Amino acid sequence: MPRFCFRKDKRGTRWATDNVTISCFVWDKRATGQQIIIRPKSAIAGFYKNPEQAISQERAEEIIQAIAKGELCNN
């Protein structure tokens, strides 16, 4: 599972992970059942490894709008 780098290493030279897997939960109020979908980080729209690679707020909003329209659903 993808690991996000939340902090710099002890020397402050590179981004380090805390070895905790991240997860995102999305609730679709229209759903009639439960489904668990596991995606590699390459398939997660907007995933970035550390804060220096973060996407813009505008890009994040574009992704959310596309998901809401069903454009990024790859079940």
# chains A, B, ... in the order shown; residues from 1 in each chain; ligands from 1

$ select_by_dssp --residues "chain A" --states "strand (DSSP E)" --output "ChimeraX atom specification"
/A:7-8,15-16

$ select_by_dssp --residues "chain A" --states "alpha helix (DSSP H)" --output "count of residues only"
12

$ closest_residue --among "A:Lys8, A:Phe25, A:Ala45, A:Ile37" --to "Gln65 of chain A" --atoms "only C-alpha atoms"
A:Ala45

$ residues_around --residues "segment 10-15 of chain A" --least-positions-apart "2" --cutoff "12 Å" --atoms "only C-alpha atoms" --output "PyMOL selection string"
chain A and resi 3-8+17-18+49-53

$ write_last_selection --atoms "N, CA and C atoms" --output "PDB file, in the first residue's frame"
ATOM      1  N   ARG A   3       2.713   4.616   0.854  1.00  0.00           N
ATOM      2  CA  ARG A   3       3.108   5.257   2.097  1.00  0.00           C
ATOM      3  C   ARG A   3       3.451   6.711   1.773  1.00  0.00           C
ATOM      4  N   PHE A   4       2.809   7.623   2.467  1.00  0.00           N
ATOM      5  CA  PHE A   4       3.034   9.044   2.266  1.00  0.00           C
ATOM      6  C   PHE A   4       4.151   9.489   3.195  1.00  0.00           C
ATOM      7  N   CYS A   5       4.987  10.379   2.735  1.00  0.00           N
ATOM      8  CA  CYS A   5       6.075  10.922   3.559  1.00  0.00           C
ATOM      9  C   CYS A   5       5.598  12.208   4.225  1.00  0.00           C
ATOM     10  N   PHE A   6       5.343  12.144   5.513  1.00  0.00           N
ATOM     11  CA  PHE A   6       4.806  13.273   6.247  1.00  0.00           C
ATOM     12  C   PHE A   6       5.886  14.179   6.824  1.00  0.00           C
ATOM     13  N   ARG A   7       7.086  13.700   6.932  1.00  0.00           N
ATOM     14  CA  ARG A   7       8.123  14.457   7.638  1.00  0.00           C
ATOM     15  C   ARG A   7       9.476  14.237   6.969  1.00  0.00           C
ATOM     16  N   LYS A   8      10.428  15.068   7.333  1.00  0.00           N
ATOM     17  CA  LYS A   8      11.801  14.898   6.855  1.00  0.00           C
ATOM     18  C   LYS A   8      12.526  13.908   7.771  1.00  0.00           C
ATOM     19  N   THR A  17       9.119   8.235   5.437  1.00  0.00           N
ATOM     20  CA  THR A  17       7.811   7.699   5.790  1.00  0.00           C
ATOM     21  C   THR A  17       7.823   7.250   7.242  1.00  0.00           C
ATOM     22  N   ASP A  18       6.660   7.226   7.829  1.00  0.00           N
ATOM     23  CA  ASP A  18       6.563   6.713   9.194  1.00  0.00           C
ATOM     24  C   ASP A  18       6.136   5.249   9.176  1.00  0.00           C
ATOM     25  N   LYS A  49       3.671  11.708  -3.268  1.00  0.00           N
ATOM     26  CA  LYS A  49       4.504  11.033  -2.277  1.00  0.00           C
ATOM     27  C   LYS A  49       4.867  11.926  -1.090  1.00  0.00           C
ATOM     28  N   ASN A  50       5.089  13.209  -1.331  1.00  0.00           N
ATOM     29  CA  ASN A  50       5.465  14.118  -0.248  1.00  0.00           C
ATOM     30  C   ASN A  50       4.923  15.516  -0.553  1.00  0.00           C
ATOM     31  N   PRO A  51       4.930  16.408   0.424  1.00  0.00           N
ATOM     32  CA  PRO A  51       4.345  17.738   0.219  1.00  0.00           C
ATOM     33  C   PRO A  51       4.944  18.538  -0.942  1.00  0.00           C
ATOM     34  N   GLU A  52       6.186  18.291  -1.297  1.00  0.00           N
ATOM     35  CA  GLU A  52       6.796  19.017  -2.416  1.00  0.00           C
ATOM     36  C   GLU A  52       6.182  18.616  -3.755  1.00  0.00           C
ATOM     37  N   GLN A  53       5.551  17.449  -3.812  1.00  0.00           N
ATOM     38  CA  GLN A  53       4.939  16.963  -5.046  1.00  0.00           C
ATOM     39  C   GLN A  53       3.420  17.171  -5.048  1.00  0.00           C
TER      40      GLN A  53
END
